[in-house]
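K.L.:
Dumping the structure here so I can ask a few things about it.
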Amino acid sequence: MANSNALLTSLNGLAAGLFLMSSFGLAATRQMQGCLRFYITQSICLVVSALLLGLGLHAPDLLAVAVLDAVVKPIVIPVLLRRTVPEAVFRRREIAQVLNIPSSLLIALALTLLAYFLSGYLPPATGSLASINLPVGLAGLFIGVYTLTVRREAVPQLIGIFGIENGALLCGFAIASGLPLVIEMAFPFDMLIIALVIGILTRMTHERVGTTEVGGFTSLREGIGK
Amino acid sequence: MILLFILGLLLMAALISALPLGRRVAPAVTVATCVAVLVLTVAAALRVVAGESVVTIRNWIAIDGLSALILLLVATVGSTAALFSWGYIAREKSSRHLRRYYANYNLFVFAMLSVPMLDEPNLVWTGVELTTILSVYLVAFENTGEALEAAWKYSVLTIMGGAIALLGFLALYAATRGRYAEGAYTWRTLIVLAPGVSPRVLETAFVLILVGFGAKAGLVPLHTWLPDAHSQAPSPICALLSGIKTTVILYVILRLIPVLNSSGKIDVDEWAMVVGLFSVGIAAFLIIQVTDYKRLFAFSTVEHMGIILTAAGIGGAAGHYGAVYQILNHTLTKSFCFFAAGATLLAVDTRQIADVRGLIRTSPPAGVALLFGGIAIAGAPPLAVFLSEFSILRSGIAKQHYVATALLAGFVIVAFFGILYHLNRMVFGQPDPAIESAAPIRLPVSCVLTLILAAAPIIILGVYMPEPLHKLLLMAADGLTR
């Protein structure tokens with residue numbers, strides 16, 4: 001038993017480590033396709049972590065969530081985005097970003113350190129198995145917010161939001177197992193509608209304005225200089 | 001049962017509106033449904049006032065005084081905005097767009113009604129997310145470059161806020177787990193269990209939710225999307241967004257105040273007052289430099305969210321009463337203001353303050369409505385907003401928060417003059433001769449009717465408060481206290 005638990009802990013550590021790596025990727029990659037791939041990797045890590053926690057903590061609800069998330073996050077959402085967002089948007093290779101890659105990585109590193117300090121302010125994780133999830137999830141959340149702020153393109157901004165949500169859920173699995181199934185099911189469902197609505201919004205913007213570089217949208221501003 | 005019935009009605013209306021049954025069916029169904037929902041919510045609120053418990057599913061769907069007040073306000077603005085839409089949206093030529101508008105409208109009202117009805121905090125989070133997602137299309141409805149830009153900023157910033165708040169809700173759940181009966185996790189449970197939770201965790205959860213939902217409610221500094229979305233959306237949607245949606249989100253934040261107070265180790269009042277005053281102050285000065293009259297009212301919404309939060313922070317029975325009283329008056333008045341702005345837009349076809357002069361001569365109904373709305377929202381006596389703002393200032397002095405009260409009074413006065421300065425120039429002054437000589441513009445009947453119906457409560461509440469409503473406000477204030 002102790003052996004299998006140690007194995008689960010190290011496997012969960014591996015999943016969390018890959019999760020963090022893909023968060024860094026989200027913040028730094030310059031290709032639209034790469035951005036989506038990093039999101040898929042991150043979601044798979046989330047699902048694996050939920051599975052391991054479900055096994056280790058004997059929490060059947062986490063297993064159910066893992067199955068649901070495994071379908072929605074790495075499969076349905078990317079397919080949905082591919083279908084709603086015009087192909088031309090996905091072919092872009094050099095996506096604009098306010099800061100360059102080295103500074104982005106340094107900031108992501110700083111945010112990770114911050115997350116390690118702040119994770120003590122969250123409720124303690126259930127068992128030592130899950131404790132790695134707290135700082136990594138929080139770091140994922142922070143890096144997601146950072147990605148959202150510096151990206152100037154529609155789809156990478158949306159993926160930044162998904163990164164925030166993934167981070168929040170990675171923390172959430174560690175502290176809040178045993179949520180009623182109704183609520184657990186609401187989360188992936190919510191993500192699905194967000195992907196659909198924003199995908200359609202991106203398509204409308206592309207058709208109407210001709211670009212999805214939302215960072216350049218500045219026609220709505222106040223007073224002076226207008 | 002009544003609560004489920006309300007939700008079911010709206011879902012059915014959304015379905016019927018989406019079907020291709022002719023251009024008149026969707027608006028008619030929407031107005032009829034919203035009025036029926038209003039009648040049902042009044043019935044539910046009266047039962048709450050009479051002291052009965054309105055519980056549909058125990059621990060999941062139930063209302064108390066505070067949620068009954070919010071429910072009533074959503075249903076009220078839902079009805080008036082539906083009526084206003086009838087004439088306002090009729091300009092849209094494509095029947096398909098029209099149907100999509102009304103289907104989305106019903107779903108949006110459905111989502112807003114679900115938030116006060118739900119009793120399980122994690123489900124409330126889902127309801128709040130739905131209100132955001134289901135209104136994105138409504139904001140983008142005009143399909144212009146500006147509308148899409150506004151919808152984009154709106155969705156990205158507020159969904160980000162939602163994701164941050166999610167962690168706060170999960171932390172709250174985790175901190176109290178296992179210390180209540182199976183499946184009995186409600187707002188009430190949180191208040192009861194708060195003293196046993198580590199204050200550090202409780203405060204972290206509160207700050208996460210304050211930041212996350214503060215972005216959705218338009219609190220400074222994450223308010224930047226609000227003037228864009230609330231000015232670019234069609235006017236009836238602006239009335240819903242500004243009048244009630246922001247309030248619904250703020251309601252969730254207010255729900256946490258008694259939780260933190262019952263813990264006894266966190267000064268939540270200070271949090272509320274500082275964040276609230278910050279919003280009031282920034283918004284008051286932004287109002288002065290607007291160039292677009294719908295943005296003017298949008299900034300006034302940021303100001304009022306701040307006033308409500310400050311009042312909740314002042315605390316005590318009087319402060320909490322002031323907060324819920326302000327919620328009531330702000331919702332009624334601000335929705336009227338956006339109807340007036342919509343009527344003005346129909347009459348002059350521009351959003352720029354500088355391009356509108358002498359409105360009272362070119363379109364008397366729009367001019368009168370805009371002037372009345374401006375005076376009412378700025379807080380001139382004897383109208384409703386004046387009374388609630390006055391009661392908040394009085395409670396602030398009684399609780400000896402002199403600095404906060406003085407700042408609040410100062411900012412409110414700045415906003416007062418800012419609003420009236422702009423509207424005065426629009427309503428009076430010399431109209432452009434070319435416009436003046438043209439035939440006066442006729443507003444759609446449904447729009448004029450909405451303006452009259454929406455103005456009535458603002459005037460009446462200034463001089464007379466019906467006894468059941470007063471009782472409901474007392475119960476709602478009580479919900480903030482303990």
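Labels used: A, B, ... for chains in the order of the structure tokens, numbers from 1 for residues in each chain, and numbers from 1 for ligands as shown.
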Pick out the chain B residues within 7 Å of chain A. Count only C-alpha atoms. Give them as an mmCIF file with C-alpha atoms, in the first residue's frame.
P.N.:
```cif
data_model
loop_
_atom_site.group_PDB
_atom_site.id
_atom_site.type_symbol
_atom_site.label_atom_id
_atom_site.label_comp_id
_atom_site.auth_asym_id
_atom_site.auth_seq_id
_atom_site.Cartn_x
_atom_site.Cartn_y
_atom_site.Cartn_z
ATOM 1 C CA ASN B 122 -20.707 26.638 -5.939
ATOM 2 C CA LEU B 123 -23.852 26.522 -8.045
ATOM 3 C CA THR B 126 -22.159 28.573 -12.254
ATOM 4 C CA ILE B 133 -21.676 33.995 -21.247
ATOM 5 C CA GLY B 145 -16.568 47.042 -35.129
ATOM 6 C CA GLU B 146 -17.116 48.916 -31.878
ATOM 7 C CA LEU B 148 -17.485 43.528 -31.274
ATOM 8 C CA GLU B 149 -14.577 45.269 -29.571
ATOM 9 C CA MET B 160 -11.091 35.776 -16.342
ATOM 10 C CA ALA B 163 -12.067 31.764 -13.190
ATOM 11 C CA LEU B 166 -13.814 29.849 -8.861
ATOM 12 C CA LEU B 167 -10.706 29.179 -6.791
ATOM 13 C CA LEU B 170 -13.507 26.000 -3.996
ATOM 14 C CA ALA B 171 -11.374 27.249 -1.087
ATOM 15 C CA TYR B 173 -15.939 24.751 0.201
ATOM 16 C CA ALA B 174 -12.732 22.996 1.189
ATOM 17 C CA ALA B 175 -12.368 25.004 4.391
ATOM 18 C CA ARG B 200 -6.233 33.369 6.759
ATOM 19 C CA VAL B 201 -7.974 30.897 4.448
ATOM 20 C CA THR B 204 -7.884 34.551 0.900
ATOM 21 C CA ASP B 228 -17.531 49.867 -23.474
ATOM 22 C CA GLN B 289 -14.669 63.830 -19.032
ATOM 23 C CA VAL B 290 -16.998 61.540 -20.992
ATOM 24 C CA THR B 291 -17.988 62.430 -24.535
#
```
K.L.:
Skip segment 466-473 of chain B itself and residues of its chain fewer than 3 positions away, then list as a count of residues only all residues within 7 Å of it, counting only C-alpha atoms.
P.N.:
8
K.L.:
For Ala369 of chain B, which residue out of B:Ile452, B:Gly218, B:Val412, B:Ala151 is the nearest one, using only C-alpha atoms?
P.N.:
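The answer is B:Ile452, which sits nearest to Ala369 of chain B.
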K.L.:
Quick one, how far is atom CA of Leu480 of chain B from atom CA of Pro258 of chain B?
P.N.:
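Taking atom CA of Leu480 of chain B as the start and atom CA of Pro258 of chain B as the end point, the length is 5.7 Å.
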K.L.:
Run DSSP on the backbone and give me the residues of segment 8-216 of chain A it puts in alpha helix (DSSP H), as an NGL selection string.
P.N.:
:A and (8-28 or 32-56 or 60-71 or 77-84 or 87-90 or 101-118 or 133-150 or 154-175 or 181-209)
K.L.:
Near Lys294 of chain B, within 7 Å and counting only C-alpha atoms, which residues show up once chain neighbours fewer than 4 positions away are dropped, as a PyMOL selection string?
P.N.:
chain B and resi 231+298+341+351
K.L.:
Based on the selection just made, write all heavy atoms of those residues as a PDB file, in the first residue's frame.
P.N.:
```
ATOM      1  N   SER B 231     -22.117  50.726 -23.271  1.00  0.00           N
ATOM      2  CA  SER B 231     -22.501  51.782 -24.207  1.00  0.00           C
ATOM      3  C   SER B 231     -22.758  51.212 -25.593  1.00  0.00           C
ATOM      4  O   SER B 231     -23.541  51.765 -26.351  1.00  0.00           O
ATOM      5  CB  SER B 231     -21.419  52.854 -24.270  1.00  0.00           C
ATOM      6  OG  SER B 231     -20.239  52.306 -24.816  1.00  0.00           O
ATOM      7  N   ALA B 298     -22.953  54.632 -17.864  1.00  0.00           N
ATOM      8  CA  ALA B 298     -22.183  53.439 -17.499  1.00  0.00           C
ATOM      9  C   ALA B 298     -21.234  53.751 -16.341  1.00  0.00           C
ATOM     10  O   ALA B 298     -21.134  52.984 -15.383  1.00  0.00           O
ATOM     11  CB  ALA B 298     -21.410  52.923 -18.707  1.00  0.00           C
ATOM     12  N   ALA B 341     -31.782  57.042 -22.643  1.00  0.00           N
ATOM     13  CA  ALA B 341     -30.658  57.152 -23.573  1.00  0.00           C
ATOM     14  C   ALA B 341     -31.001  56.464 -24.888  1.00  0.00           C
ATOM     15  O   ALA B 341     -30.651  56.950 -25.966  1.00  0.00           O
ATOM     16  CB  ALA B 341     -29.406  56.532 -22.961  1.00  0.00           C
ATOM     17  N   ARG B 351     -24.219  59.057 -30.477  1.00  0.00           N
ATOM     18  CA  ARG B 351     -23.968  58.848 -29.054  1.00  0.00           C
ATOM     19  C   ARG B 351     -23.140  59.977 -28.471  1.00  0.00           C
ATOM     20  O   ARG B 351     -22.879  60.009 -27.277  1.00  0.00           O
ATOM     21  CB  ARG B 351     -23.217  57.540 -28.832  1.00  0.00           C
ATOM     22  CG  ARG B 351     -24.006  56.298 -29.144  1.00  0.00           C
ATOM     23  CD  ARG B 351     -23.289  55.083 -28.593  1.00  0.00           C
ATOM     24  NE  ARG B 351     -24.047  53.882 -28.791  1.00  0.00           N
ATOM     25  CZ  ARG B 351     -23.900  53.087 -29.857  1.00  0.00           C
ATOM     26  NH1 ARG B 351     -23.040  53.396 -30.794  1.00  0.00           N
ATOM     27  NH2 ARG B 351     -24.621  51.994 -29.983  1.00  0.00           N
TER      28      ARG B 351
END
```
K.L.:
Of the candidates B:Ile244, B:Leu21, B:Val42, B:Ile89, which one gets nearest to Phe108 of chain B if we count only C-alpha atoms?
P.N.:
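Ranking B:Ile244, B:Leu21, B:Val42, B:Ile89 by distance to Phe108 of chain B, first place goes to B:Ile244.
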K.L.:
How many Å separate atom CA of Ala233 of chain B from atom CA of Trp152 of chain B?
P.N.:
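Atom-to-atom, atom CA of Ala233 of chain B to atom CA of Trp152 of chain B, that is 12.1 Å.
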K.L.:
Please provide as a PyMOL selection string all residues within 9 Å of Arg92 of chain A, with the sequence filter that same-chain residues fewer than 5 positions apart are discarded (counting only C-alpha atoms).
P.N.:
chain A and resi 31-33
K.L.:
Just give me the gap between atom CA of Leu202 of chain B and atom CA of Leu63 of chain A in Å, one decimal is fine.
P.N.:
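About the pair atom CA of Leu202 of chain B and atom CA of Leu63 of chain A: they are 28.1 Å apart.
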